Amino acid sequence: MSITNKENRIFPWGNDRRFNAYSNYFRSIYGARVQKVSIDAGFSCPNRDGSKGTGGCTYCNNDAFNPSYCLPEKSVSRQIEEGVDFHKWRYSEAVSYLAYFQAFSNTYAPVATLRKLYEEALAYPGVIGLIIGTRPDCIDEEKLALIKEISEKYYVAVEYGIESCYNKTLARINRGHSFEDAVSAVEQTALLGINTGAHFIFGLPGERREEMLDQAEIISGLPLKTVKFHQLQIIKGTAMEKEFIDNPSDFELFGWEEYLEFFIKFLERLNPAIVVERFTGEAPPRFLTGEGWGKKRTDQIVNLIEKRLEVLDTWQGRLYEDNRQH
Ligand code: SF4
């Protein structure tokens, strides 16, 4: 570790930011900004279509996180074209793109269908790789072999929705898989040398703050390259909204200031080798039940967390080694 010089500190991930940031990770590989372009390729989800369950996860409403250009009626190339135009308008510096198969479970189809859709995305000019979001129980050897084959020529990451390390929580939110399923999928994927990511939600009902924090050690032990964290938001029209209205005392939603303090404690315990892509989620206000965090935007929270890390003179993984020795 090179954390020795307070004035000009370079952290283990090779720069002076106090967490292992996704944007810097991509700059270190490609030397420039790489923009994700979301795709809804028309996949379903086994937790909705009856093969695992019918109601879906209790918090799920994919529309709340899908950009407006993502419509499954449009071809993959058309969605990429519109996504590239959208991002060019917002961030002119990006010249390379990652096709992000985001909506529902993007490995939930026969291998031939997956190949066709992934190859269509990769054929689009400027697309240098794929991000494939899926469930831990939607992967098998054949699908992983396809992804491995693609990863030999392009950047590829598989992102698993894990959400919680506790089976009691996974049952409560009707995920339809266990934490052991998630560990198995992550291990199989990483073993093949494929970049493996995971999503987690903080604030799920039935979990105490201390339990949420304790997940830092569990997550740190998984062979993950990247992680995304979200605070729980109650989305309109979901089963969770009904639960929330019926029993609000069952929920302890994070206010943004509390989340900031919580997240710093979490980050201090997290393996510094894991790249952090997101600290928070941000569903459009029209989808939210309640006020959410008002006008506080994701980038403001990231800035506030980075400033607070500076003030406290702390960083991702500061307590990681300590905890490992216990
Ligand atoms: S696995 Fe994903 S798409 Fe399926 S119900 Fe859960 S959150 Fe929704």
# chains A, B, ... in the order shown; residues from 1 in each chain; ligands from 1
call {"tool": "residues_around", "arguments": {"residues": "stretch 23-32 of chain A", "least_positions_apart": "6", "cutoff": "9 Å", "atoms": "only C-alpha atoms", "output": "MDAnalysis selection string"}}
result
chainID A and resid 13:15 17 93:96 275 277
call {"tool": "write_last_selection", "arguments": {"atoms": "all heavy atoms", "output": "short mmCIF file (atom, residue, chain, number, x, y, z; two decimals), in the first residue's frame"}}
result
data_model
loop_
_atom_site.label_atom_id
_atom_site.label_comp_id
_atom_site.auth_asym_id
_atom_site.auth_seq_id
_atom_site.Cartn_x
_atom_site.Cartn_y
_atom_site.Cartn_z
N TRP A 13 -5.56 2.03 -5.28
CA TRP A 13 -6.12 1.88 -6.62
C TRP A 13 -5.43 2.82 -7.61
O TRP A 13 -5.87 2.96 -8.75
CB TRP A 13 -7.63 2.12 -6.61
CG TRP A 13 -8.03 3.22 -5.68
CD1 TRP A 13 -8.13 4.56 -5.97
CD2 TRP A 13 -8.39 3.09 -4.30
NE1 TRP A 13 -8.50 5.26 -4.85
CE2 TRP A 13 -8.68 4.39 -3.81
CE3 TRP A 13 -8.49 2.00 -3.43
CZ2 TRP A 13 -9.06 4.63 -2.49
CZ3 TRP A 13 -8.87 2.25 -2.12
CH2 TRP A 13 -9.15 3.54 -1.66
N GLY A 14 -4.38 3.53 -7.14
CA GLY A 14 -3.52 4.25 -8.08
C GLY A 14 -3.86 5.70 -8.34
O GLY A 14 -3.33 6.29 -9.28
N ASN A 15 -4.76 6.30 -7.55
CA ASN A 15 -5.02 7.73 -7.71
C ASN A 15 -5.35 8.34 -6.35
O ASN A 15 -5.35 7.63 -5.33
CB ASN A 15 -6.13 7.99 -8.75
CG ASN A 15 -7.43 7.34 -8.36
OD1 ASN A 15 -8.01 7.65 -7.32
ND2 ASN A 15 -7.90 6.40 -9.17
N ARG A 17 -8.17 9.79 -5.29
CA ARG A 17 -9.56 9.77 -4.78
C ARG A 17 -9.62 8.78 -3.61
O ARG A 17 -8.87 7.81 -3.58
CB ARG A 17 -10.53 9.37 -5.89
CG ARG A 17 -10.63 10.46 -6.93
CD ARG A 17 -11.65 10.14 -7.97
NE ARG A 17 -13.01 10.45 -7.53
CZ ARG A 17 -14.08 10.31 -8.30
NH1 ARG A 17 -13.94 9.84 -9.54
NH2 ARG A 17 -15.27 10.62 -7.84
N GLU A 93 -17.41 14.32 -24.24
CA GLU A 93 -16.09 13.71 -24.27
C GLU A 93 -16.08 12.19 -24.52
O GLU A 93 -15.07 11.65 -24.95
CB GLU A 93 -15.24 14.00 -23.02
CG GLU A 93 -15.93 14.16 -21.75
CD GLU A 93 -15.00 13.85 -20.54
OE1 GLU A 93 -13.89 13.38 -20.69
OE2 GLU A 93 -15.47 14.09 -19.43
N ALA A 94 -17.20 11.49 -24.29
CA ALA A 94 -17.16 10.03 -24.45
C ALA A 94 -17.07 9.64 -25.92
O ALA A 94 -17.80 10.16 -26.76
CB ALA A 94 -18.40 9.41 -23.82
N VAL A 95 -16.15 8.76 -26.24
CA VAL A 95 -16.04 8.29 -27.63
C VAL A 95 -16.24 6.78 -27.69
O VAL A 95 -16.42 6.21 -28.77
CB VAL A 95 -14.67 8.64 -28.27
CG1 VAL A 95 -14.61 10.12 -28.59
CG2 VAL A 95 -13.51 8.24 -27.38
N SER A 96 -16.17 6.14 -26.55
CA SER A 96 -16.36 4.69 -26.51
C SER A 96 -17.57 4.37 -25.63
O SER A 96 -17.85 5.10 -24.67
CB SER A 96 -15.13 4.01 -25.90
OG SER A 96 -14.01 4.34 -26.64
N VAL A 275 -14.01 -2.18 -7.11
CA VAL A 275 -14.31 -0.88 -7.72
C VAL A 275 -15.77 -0.51 -7.40
O VAL A 275 -16.67 -1.33 -7.59
CB VAL A 275 -14.12 -0.96 -9.25
CG1 VAL A 275 -14.49 0.36 -9.92
CG2 VAL A 275 -12.69 -1.37 -9.59
N GLU A 277 -19.00 1.51 -8.20
CA GLU A 277 -19.60 2.25 -9.31
C GLU A 277 -20.66 3.23 -8.84
O GLU A 277 -20.85 4.28 -9.43
CB GLU A 277 -20.20 1.25 -10.31
CG GLU A 277 -20.76 1.96 -11.51
CD GLU A 277 -21.24 1.05 -12.59
OE1 GLU A 277 -21.03 -0.18 -12.46
OE2 GLU A 277 -21.81 1.55 -13.57
#
call {"tool": "closest_atom_pairs", "arguments": {"of": "chain A", "to": "ligand 1", "cutoff": "6 Å", "atoms": "only C-alpha atoms and all ligand atoms", "output": "JSON lines"}}
result
{"residue": "A:Cys45", "atom": "CA", "partner": "ligand 1", "partner_atom_place_in_ligand_line": "4 (Fe)", "distance": 4.7}
{"residue": "A:Asn47", "atom": "CA", "partner": "ligand 1", "partner_atom_place_in_ligand_line": "4 (Fe)", "distance": 5.2}
{"residue": "A:Arg48", "atom": "CA", "partner": "ligand 1", "partner_atom_place_in_ligand_line": "5 (S)", "distance": 5.7}
{"residue": "A:Gly56", "atom": "CA", "partner": "ligand 1", "partner_atom_place_in_ligand_line": "5 (S)", "distance": 3.5}
{"residue": "A:Cys57", "atom": "CA", "partner": "ligand 1", "partner_atom_place_in_ligand_line": "6 (Fe)", "distance": 4.1}
{"residue": "A:Cys60", "atom": "CA", "partner": "ligand 1", "partner_atom_place_in_ligand_line": "8 (Fe)", "distance": 4.5}
{"residue": "A:Phe104", "atom": "CA", "partner": "ligand 1", "partner_atom_place_in_ligand_line": "3 (S)", "distance": 3.7}
{"residue": "A:Ser105", "atom": "CA", "partner": "ligand 1", "partner_atom_place_in_ligand_line": "3 (S)", "distance": 5.9}
{"residue": "A:Arg135", "atom": "CA", "partner": "ligand 1", "partner_atom_place_in_ligand_line": "1 (S)", "distance": 5.8}
{"residue": "A:Arg175", "atom": "CA", "partner": "ligand 1", "partner_atom_place_in_ligand_line": "6 (Fe)", "distance": 6.0}
call {"tool": "write_last_selection", "arguments": {"atoms": "all heavy atoms", "output": "short mmCIF file (atom, residue, chain, number, x, y, z; two decimals), in the first residue's frame"}}
result
data_model
loop_
_atom_site.label_atom_id
_atom_site.label_comp_id
_atom_site.auth_asym_id
_atom_site.auth_seq_id
_atom_site.Cartn_x
_atom_site.Cartn_y
_atom_site.Cartn_z
N CYS A 45 -38.15 -12.19 -16.85
CA CYS A 45 -37.48 -12.50 -15.59
C CYS A 45 -38.19 -13.71 -14.99
O CYS A 45 -39.43 -13.74 -14.94
CB CYS A 45 -37.61 -11.29 -14.67
SG CYS A 45 -37.26 -11.69 -12.97
N ASN A 47 -38.61 -14.54 -12.12
CA ASN A 47 -39.33 -14.23 -10.89
C ASN A 47 -40.64 -13.49 -11.19
O ASN A 47 -41.35 -13.07 -10.30
CB ASN A 47 -38.44 -13.37 -9.97
CG ASN A 47 -38.86 -13.46 -8.53
OD1 ASN A 47 -39.55 -14.39 -8.12
ND2 ASN A 47 -38.46 -12.47 -7.74
N ARG A 48 -40.91 -13.35 -12.50
CA ARG A 48 -42.15 -12.69 -12.91
C ARG A 48 -42.99 -13.58 -13.80
O ARG A 48 -44.20 -13.49 -13.80
CB ARG A 48 -41.82 -11.41 -13.70
CG ARG A 48 -41.26 -10.32 -12.85
CD ARG A 48 -40.79 -9.17 -13.70
NE ARG A 48 -40.71 -7.97 -12.91
CZ ARG A 48 -41.69 -7.09 -12.78
NH1 ARG A 48 -42.81 -7.24 -13.43
NH2 ARG A 48 -41.54 -6.04 -12.02
N GLY A 56 -42.61 -11.09 -8.78
CA GLY A 56 -41.35 -10.35 -8.88
C GLY A 56 -40.86 -9.93 -7.50
O GLY A 56 -41.54 -10.14 -6.49
N CYS A 57 -39.69 -9.33 -7.47
CA CYS A 57 -39.16 -8.81 -6.21
C CYS A 57 -40.08 -7.68 -5.76
O CYS A 57 -40.58 -6.92 -6.59
CB CYS A 57 -37.74 -8.30 -6.41
SG CYS A 57 -36.68 -9.54 -7.17
N CYS A 60 -39.64 -4.10 -7.15
CA CYS A 60 -39.27 -3.98 -8.56
C CYS A 60 -40.30 -3.25 -9.41
O CYS A 60 -41.46 -3.63 -9.47
CB CYS A 60 -39.02 -5.36 -9.15
SG CYS A 60 -38.75 -5.34 -10.92
N PHE A 104 -34.59 -6.12 -16.78
CA PHE A 104 -34.93 -7.50 -16.41
C PHE A 104 -33.68 -8.40 -16.40
O PHE A 104 -32.62 -7.93 -16.01
CB PHE A 104 -36.04 -8.03 -17.32
CG PHE A 104 -37.30 -7.20 -17.19
CD1 PHE A 104 -37.63 -6.24 -18.13
CD2 PHE A 104 -38.12 -7.34 -16.09
CE1 PHE A 104 -38.76 -5.45 -17.98
CE2 PHE A 104 -39.26 -6.56 -15.93
CZ PHE A 104 -39.58 -5.60 -16.88
N SER A 105 -33.81 -9.67 -16.83
CA SER A 105 -32.70 -10.64 -16.65
C SER A 105 -32.09 -10.96 -18.01
O SER A 105 -32.67 -11.70 -18.81
CB SER A 105 -33.23 -11.91 -16.00
OG SER A 105 -33.82 -11.59 -14.76
N ARG A 135 -29.85 -12.14 -12.97
CA ARG A 135 -30.05 -12.76 -11.66
C ARG A 135 -29.04 -13.89 -11.46
O ARG A 135 -28.66 -14.54 -12.43
CB ARG A 135 -31.45 -13.38 -11.59
CG ARG A 135 -32.59 -12.45 -11.48
CD ARG A 135 -33.91 -13.18 -11.68
NE ARG A 135 -34.11 -14.32 -10.79
CZ ARG A 135 -34.66 -14.24 -9.57
NH1 ARG A 135 -35.10 -13.08 -9.13
NH2 ARG A 135 -34.81 -15.32 -8.82
N ARG A 175 -37.05 -12.46 -3.53
CA ARG A 175 -36.06 -12.53 -4.61
C ARG A 175 -36.14 -13.87 -5.35
O ARG A 175 -35.74 -13.98 -6.51
CB ARG A 175 -34.64 -12.38 -4.05
CG ARG A 175 -34.19 -10.98 -3.82
CD ARG A 175 -33.95 -10.19 -5.09
NE ARG A 175 -32.93 -10.71 -5.97
CZ ARG A 175 -32.63 -10.19 -7.16
NH1 ARG A 175 -33.29 -9.13 -7.60
NH2 ARG A 175 -31.70 -10.71 -7.91
#
call {"tool": "closest_atom_pairs", "arguments": {"of": "stretch 172-266 of chain A", "to": "stretch 282-301 of chain A", "cutoff": "7 Å", "atoms": "only C-alpha atoms", "output": "tab-separated table"}}
result
residue	atom	partner	partner_atom	distance
A:Gln233	CA	A:Gly292	CA	6.9
A:Ile234	CA	A:Thr289	CA	5.6
A:Ile235	CA	A:Leu288	CA	4.8
A:Lys236	CA	A:Phe287	CA	5.4
A:Gly255	CA	A:Trp293	CA	6.8
A:Trp256	CA	A:Trp293	CA	6.2
call {"tool": "residues_around", "arguments": {"residues": "A:Glu211", "least_positions_apart": "5", "cutoff": "12 Å", "atoms": "only C-alpha atoms", "output": "PDB file with all heavy atoms, in the first residue's frame"}}
result
ATOM      1  N   SER A 164     -28.915  -8.400  -0.996  1.00  0.00           N
ATOM      2  CA  SER A 164     -28.620  -8.553   0.430  1.00  0.00           C
ATOM      3  C   SER A 164     -27.839  -9.847   0.629  1.00  0.00           C
ATOM      4  O   SER A 164     -27.993 -10.790  -0.154  1.00  0.00           O
ATOM      5  CB  SER A 164     -29.920  -8.622   1.235  1.00  0.00           C
ATOM      6  OG  SER A 164     -29.652  -9.046   2.569  1.00  0.00           O
ATOM      7  N   CYS A 165     -27.024  -9.885   1.684  1.00  0.00           N
ATOM      8  CA  CYS A 165     -26.280 -11.117   1.998  1.00  0.00           C
ATOM      9  C   CYS A 165     -27.090 -12.006   2.945  1.00  0.00           C
ATOM     10  O   CYS A 165     -26.591 -13.045   3.394  1.00  0.00           O
ATOM     11  CB  CYS A 165     -24.947 -10.785   2.660  1.00  0.00           C
ATOM     12  SG  CYS A 165     -23.878  -9.803   1.611  1.00  0.00           S
ATOM     13  N   TYR A 166     -28.291 -11.591   3.296  1.00  0.00           N
ATOM     14  CA  TYR A 166     -29.068 -12.341   4.295  1.00  0.00           C
ATOM     15  C   TYR A 166     -30.266 -13.035   3.651  1.00  0.00           C
ATOM     16  O   TYR A 166     -31.105 -12.375   3.014  1.00  0.00           O
ATOM     17  CB  TYR A 166     -29.556 -11.399   5.391  1.00  0.00           C
ATOM     18  CG  TYR A 166     -28.412 -10.697   6.097  1.00  0.00           C
ATOM     19  CD1 TYR A 166     -28.236  -9.328   5.965  1.00  0.00           C
ATOM     20  CD2 TYR A 166     -27.498 -11.421   6.868  1.00  0.00           C
ATOM     21  CE1 TYR A 166     -27.178  -8.688   6.599  1.00  0.00           C
ATOM     22  CE2 TYR A 166     -26.438 -10.791   7.500  1.00  0.00           C
ATOM     23  CZ  TYR A 166     -26.278  -9.427   7.360  1.00  0.00           C
ATOM     24  OH  TYR A 166     -25.224  -8.798   7.970  1.00  0.00           O
ATOM     25  N   LYS A 168     -32.861 -14.222   5.095  1.00  0.00           N
ATOM     26  CA  LYS A 168     -34.148 -13.755   5.661  1.00  0.00           C
ATOM     27  C   LYS A 168     -34.650 -12.533   4.867  1.00  0.00           C
ATOM     28  O   LYS A 168     -35.835 -12.381   4.616  1.00  0.00           O
ATOM     29  CB  LYS A 168     -34.006 -13.408   7.160  1.00  0.00           C
ATOM     30  CG  LYS A 168     -33.059 -12.250   7.414  1.00  0.00           C
ATOM     31  CD  LYS A 168     -33.120 -11.704   8.832  1.00  0.00           C
ATOM     32  CE  LYS A 168     -32.208 -10.478   8.920  1.00  0.00           C
ATOM     33  NZ  LYS A 168     -32.214  -9.733  10.122  1.00  0.00           N
ATOM     34  N   THR A 169     -33.714 -11.682   4.448  1.00  0.00           N
ATOM     35  CA  THR A 169     -34.117 -10.496   3.673  1.00  0.00           C
ATOM     36  C   THR A 169     -34.527 -10.908   2.269  1.00  0.00           C
ATOM     37  O   THR A 169     -35.533 -10.425   1.732  1.00  0.00           O
ATOM     38  CB  THR A 169     -32.944  -9.493   3.584  1.00  0.00           C
ATOM     39  OG1 THR A 169     -32.397  -9.324   4.872  1.00  0.00           O
ATOM     40  CG2 THR A 169     -33.386  -8.172   2.994  1.00  0.00           C
ATOM     41  N   PHE A 202     -29.349  -0.987   0.432  1.00  0.00           N
ATOM     42  CA  PHE A 202     -29.317  -0.746   1.880  1.00  0.00           C
ATOM     43  C   PHE A 202     -30.648  -0.155   2.322  1.00  0.00           C
ATOM     44  O   PHE A 202     -31.169   0.765   1.682  1.00  0.00           O
ATOM     45  CB  PHE A 202     -28.215   0.258   2.239  1.00  0.00           C
ATOM     46  CG  PHE A 202     -26.822  -0.265   2.012  1.00  0.00           C
ATOM     47  CD1 PHE A 202     -25.911   0.473   1.275  1.00  0.00           C
ATOM     48  CD2 PHE A 202     -26.423  -1.482   2.537  1.00  0.00           C
ATOM     49  CE1 PHE A 202     -24.623   0.012   1.077  1.00  0.00           C
ATOM     50  CE2 PHE A 202     -25.139  -1.964   2.337  1.00  0.00           C
ATOM     51  CZ  PHE A 202     -24.239  -1.212   1.600  1.00  0.00           C
ATOM     52  N   GLY A 203     -31.152  -0.698   3.436  1.00  0.00           N
ATOM     53  CA  GLY A 203     -32.395  -0.158   3.986  1.00  0.00           C
ATOM     54  C   GLY A 203     -33.569  -1.108   3.769  1.00  0.00           C
ATOM     55  O   GLY A 203     -34.726  -0.719   3.977  1.00  0.00           O
ATOM     56  N   LEU A 204     -33.269  -2.334   3.354  1.00  0.00           N
ATOM     57  CA  LEU A 204     -34.371  -3.285   3.116  1.00  0.00           C
ATOM     58  C   LEU A 204     -35.055  -3.628   4.440  1.00  0.00           C
ATOM     59  O   LEU A 204     -34.404  -3.662   5.492  1.00  0.00           O
ATOM     60  CB  LEU A 204     -33.830  -4.555   2.441  1.00  0.00           C
ATOM     61  CG  LEU A 204     -33.406  -4.351   0.982  1.00  0.00           C
ATOM     62  CD1 LEU A 204     -32.602  -5.535   0.471  1.00  0.00           C
ATOM     63  CD2 LEU A 204     -34.633  -4.128   0.075  1.00  0.00           C
ATOM     64  N   PRO A 205     -36.358  -3.892   4.409  1.00  0.00           N
ATOM     65  CA  PRO A 205     -37.086  -4.129   5.661  1.00  0.00           C
ATOM     66  C   PRO A 205     -36.565  -5.371   6.385  1.00  0.00           C
ATOM     67  O   PRO A 205     -36.200  -6.355   5.753  1.00  0.00           O
ATOM     68  CB  PRO A 205     -38.536  -4.332   5.196  1.00  0.00           C
ATOM     69  CG  PRO A 205     -38.439  -4.667   3.737  1.00  0.00           C
ATOM     70  CD  PRO A 205     -37.209  -3.987   3.232  1.00  0.00           C
ATOM     71  N   GLY A 206     -36.521  -5.270   7.709  1.00  0.00           N
ATOM     72  CA  GLY A 206     -36.099  -6.409   8.520  1.00  0.00           C
ATOM     73  C   GLY A 206     -34.602  -6.445   8.778  1.00  0.00           C
ATOM     74  O   GLY A 206     -34.129  -7.300   9.517  1.00  0.00           O
ATOM     75  N   ALA A 216     -20.216  -5.600   4.714  1.00  0.00           N
ATOM     76  CA  ALA A 216     -18.958  -5.155   4.091  1.00  0.00           C
ATOM     77  C   ALA A 216     -17.935  -6.294   4.095  1.00  0.00           C
ATOM     78  O   ALA A 216     -17.247  -6.519   3.098  1.00  0.00           O
ATOM     79  CB  ALA A 216     -18.411  -3.931   4.822  1.00  0.00           C
ATOM     80  N   GLU A 217     -17.853  -7.019   5.201  1.00  0.00           N
ATOM     81  CA  GLU A 217     -16.871  -8.118   5.266  1.00  0.00           C
ATOM     82  C   GLU A 217     -17.274  -9.259   4.334  1.00  0.00           C
ATOM     83  O   GLU A 217     -16.426  -9.874   3.684  1.00  0.00           O
ATOM     84  CB  GLU A 217     -16.769  -8.675   6.691  1.00  0.00           C
ATOM     85  CG  GLU A 217     -15.814  -7.891   7.575  1.00  0.00           C
ATOM     86  CD  GLU A 217     -16.430  -6.627   8.129  1.00  0.00           C
ATOM     87  OE1 GLU A 217     -17.456  -6.741   8.826  1.00  0.00           O
ATOM     88  OE2 GLU A 217     -15.920  -5.525   7.854  1.00  0.00           O
ATOM     89  N   ILE A 218     -18.572  -9.531   4.269  1.00  0.00           N
ATOM     90  CA  ILE A 218     -19.029 -10.641   3.419  1.00  0.00           C
ATOM     91  C   ILE A 218     -18.766 -10.297   1.952  1.00  0.00           C
ATOM     92  O   ILE A 218     -18.194 -11.090   1.197  1.00  0.00           O
ATOM     93  CB  ILE A 218     -20.541 -10.923   3.646  1.00  0.00           C
ATOM     94  CG1 ILE A 218     -20.832 -11.136   5.136  1.00  0.00           C
ATOM     95  CG2 ILE A 218     -20.984 -12.121   2.817  1.00  0.00           C
ATOM     96  CD1 ILE A 218     -22.313 -11.203   5.496  1.00  0.00           C
ATOM     97  N   PHE A 262     -23.500   6.513   7.221  1.00  0.00           N
ATOM     98  CA  PHE A 262     -23.519   5.046   7.129  1.00  0.00           C
ATOM     99  C   PHE A 262     -22.560   4.578   6.033  1.00  0.00           C
ATOM    100  O   PHE A 262     -21.754   3.672   6.223  1.00  0.00           O
ATOM    101  CB  PHE A 262     -24.949   4.562   6.820  1.00  0.00           C
ATOM    102  CG  PHE A 262     -25.013   3.131   6.352  1.00  0.00           C
ATOM    103  CD1 PHE A 262     -25.072   2.083   7.272  1.00  0.00           C
ATOM    104  CD2 PHE A 262     -24.984   2.826   4.991  1.00  0.00           C
ATOM    105  CE1 PHE A 262     -25.107   0.766   6.835  1.00  0.00           C
ATOM    106  CE2 PHE A 262     -25.009   1.508   4.557  1.00  0.00           C
ATOM    107  CZ  PHE A 262     -25.069   0.482   5.479  1.00  0.00           C
ATOM    108  N   PHE A 266     -19.329   2.038   5.978  1.00  0.00           N
ATOM    109  CA  PHE A 266     -19.338   0.833   5.142  1.00  0.00           C
ATOM    110  C   PHE A 266     -18.080   0.794   4.253  1.00  0.00           C
ATOM    111  O   PHE A 266     -17.384  -0.214   4.155  1.00  0.00           O
ATOM    112  CB  PHE A 266     -20.607   0.815   4.287  1.00  0.00           C
ATOM    113  CG  PHE A 266     -20.760  -0.427   3.471  1.00  0.00           C
ATOM    114  CD1 PHE A 266     -21.388  -1.537   3.992  1.00  0.00           C
ATOM    115  CD2 PHE A 266     -20.230  -0.491   2.197  1.00  0.00           C
ATOM    116  CE1 PHE A 266     -21.503  -2.714   3.248  1.00  0.00           C
ATOM    117  CE2 PHE A 266     -20.333  -1.644   1.446  1.00  0.00           C
ATOM    118  CZ  PHE A 266     -20.981  -2.758   1.974  1.00  0.00           C
TER     119      PHE A 266
END
call {"tool": "select_by_dssp", "arguments": {"residues": "stretch 151-325 of chain A", "states": "strand (DSSP E)", "output": "PyMOL selection string"}}
result
chain A and resi 155-163+195-202+226-231+275-278
call {"tool": "write_last_selection", "arguments": {"atoms": "N, CA, C and O atoms", "output": "compact mmCIF listing (two decimals), in the first residue's frame"}}
result
# COMPACT_ATOMS: atom_id res chain seq x y z
N TYR A 155 -14.38 -5.95 -23.68
CA TYR A 155 -14.62 -5.82 -22.24
C TYR A 155 -16.01 -6.39 -21.96
O TYR A 155 -16.99 -6.00 -22.61
N VAL A 156 -16.12 -7.30 -21.02
CA VAL A 156 -17.44 -7.82 -20.65
C VAL A 156 -17.52 -7.93 -19.13
O VAL A 156 -16.57 -8.36 -18.48
N ALA A 157 -18.65 -7.51 -18.60
CA ALA A 157 -18.90 -7.71 -17.16
C ALA A 157 -20.31 -8.26 -17.00
O ALA A 157 -21.23 -7.86 -17.71
N VAL A 158 -20.43 -9.20 -16.08
CA VAL A 158 -21.77 -9.69 -15.69
C VAL A 158 -22.07 -9.09 -14.33
O VAL A 158 -21.26 -9.19 -13.41
N GLU A 159 -23.22 -8.41 -14.23
CA GLU A 159 -23.62 -7.80 -12.96
C GLU A 159 -24.80 -8.56 -12.39
O GLU A 159 -25.85 -8.64 -13.02
N TYR A 160 -24.61 -9.10 -11.20
CA TYR A 160 -25.68 -9.86 -10.56
C TYR A 160 -26.43 -8.99 -9.54
O TYR A 160 -25.80 -8.29 -8.73
N GLY A 161 -27.74 -9.08 -9.58
CA GLY A 161 -28.55 -8.48 -8.52
C GLY A 161 -28.45 -9.42 -7.33
O GLY A 161 -28.96 -10.55 -7.38
N ILE A 162 -27.78 -9.00 -6.29
CA ILE A 162 -27.69 -9.83 -5.07
C ILE A 162 -28.57 -9.19 -3.99
O ILE A 162 -29.30 -9.87 -3.31
N GLU A 163 -28.46 -7.90 -3.84
CA GLU A 163 -29.31 -7.04 -3.00
C GLU A 163 -29.05 -7.16 -1.50
O GLU A 163 -29.02 -6.16 -0.82
N ASN A 195 -15.21 -10.30 -15.77
CA ASN A 195 -15.44 -9.27 -14.75
C ASN A 195 -16.81 -9.49 -14.12
O ASN A 195 -17.81 -9.61 -14.84
N THR A 196 -16.83 -9.51 -12.81
CA THR A 196 -18.07 -9.86 -12.12
C THR A 196 -18.47 -8.71 -11.21
O THR A 196 -17.66 -8.23 -10.41
N GLY A 197 -19.73 -8.29 -11.36
CA GLY A 197 -20.22 -7.18 -10.54
C GLY A 197 -21.44 -7.60 -9.74
O GLY A 197 -22.00 -8.69 -9.95
N ALA A 198 -21.85 -6.74 -8.80
CA ALA A 198 -23.03 -7.05 -8.00
C ALA A 198 -23.72 -5.76 -7.55
O ALA A 198 -23.07 -4.72 -7.44
N HIS A 199 -25.02 -5.87 -7.35
CA HIS A 199 -25.82 -4.75 -6.85
C HIS A 199 -26.32 -5.10 -5.44
O HIS A 199 -26.72 -6.24 -5.21
N PHE A 200 -26.33 -4.12 -4.59
CA PHE A 200 -26.87 -4.30 -3.24
C PHE A 200 -27.76 -3.12 -2.88
O PHE A 200 -27.53 -2.00 -3.36
N ILE A 201 -28.74 -3.40 -2.02
CA ILE A 201 -29.65 -2.32 -1.56
C ILE A 201 -29.52 -2.20 -0.04
O ILE A 201 -29.61 -3.21 0.67
N PHE A 202 -29.35 -0.99 0.43
CA PHE A 202 -29.32 -0.75 1.88
C PHE A 202 -30.65 -0.16 2.32
O PHE A 202 -31.17 0.76 1.68
N THR A 226 -16.57 -5.18 -9.45
CA THR A 226 -17.30 -3.92 -9.27
C THR A 226 -18.55 -4.13 -8.40
O THR A 226 -19.10 -5.24 -8.36
N VAL A 227 -18.97 -3.05 -7.76
CA VAL A 227 -20.23 -3.11 -7.00
C VAL A 227 -21.02 -1.81 -7.19
O VAL A 227 -20.44 -0.74 -7.41
N LYS A 228 -22.32 -1.94 -7.09
CA LYS A 228 -23.22 -0.78 -7.08
C LYS A 228 -24.05 -0.87 -5.82
O LYS A 228 -24.61 -1.95 -5.54
N PHE A 229 -24.15 0.23 -5.11
CA PHE A 229 -25.00 0.26 -3.92
C PHE A 229 -26.13 1.25 -4.13
O PHE A 229 -25.94 2.29 -4.78
N HIS A 230 -27.27 0.92 -3.58
CA HIS A 230 -28.43 1.81 -3.66
C HIS A 230 -29.04 1.90 -2.27
O HIS A 230 -29.06 0.91 -1.55
N GLN A 231 -29.59 3.05 -1.94
CA GLN A 231 -30.46 3.14 -0.77
C GLN A 231 -31.85 2.68 -1.21
O GLN A 231 -32.22 2.87 -2.37
N VAL A 275 -14.01 -2.18 -7.11
CA VAL A 275 -14.31 -0.88 -7.72
C VAL A 275 -15.77 -0.51 -7.40
O VAL A 275 -16.67 -1.33 -7.59
N VAL A 276 -15.97 0.70 -6.90
CA VAL A 276 -17.33 1.11 -6.52
C VAL A 276 -17.91 1.99 -7.62
O VAL A 276 -17.38 3.05 -7.94
N GLU A 277 -19.00 1.51 -8.20
CA GLU A 277 -19.60 2.25 -9.31
C GLU A 277 -20.66 3.23 -8.84
O GLU A 277 -20.85 4.28 -9.43
N ARG A 278 -21.39 2.85 -7.83
CA ARG A 278 -22.50 3.70 -7.36
C ARG A 278 -22.56 3.69 -5.86
O ARG A 278 -22.38 2.65 -5.24
call {"tool": "select_by_dssp", "arguments": {"residues": "stretch 29-183 of chain A", "states": "alpha helix (DSSP H)", "output": "VMD selection string"}}
result
chain A and resid 29 to 30 76 to 90 111 to 122 141 to 151 167 to 172 179 to 183
call {"tool": "closest_residue", "arguments": {"among": "A:Phe254, A:Tyr320, A:Tyr118, A:Tyr259", "to": "A:Ser77", "atoms": "only C-alpha atoms"}}
result
A:Tyr118
call {"tool": "residues_around", "arguments": {"residues": "A:Asp85", "least_positions_apart": "3", "cutoff": "12 Å", "atoms": "only C-alpha atoms", "output": "ChimeraX atom specification"}}
result
/A:35,37,69,78-82,88-92,94-95,97
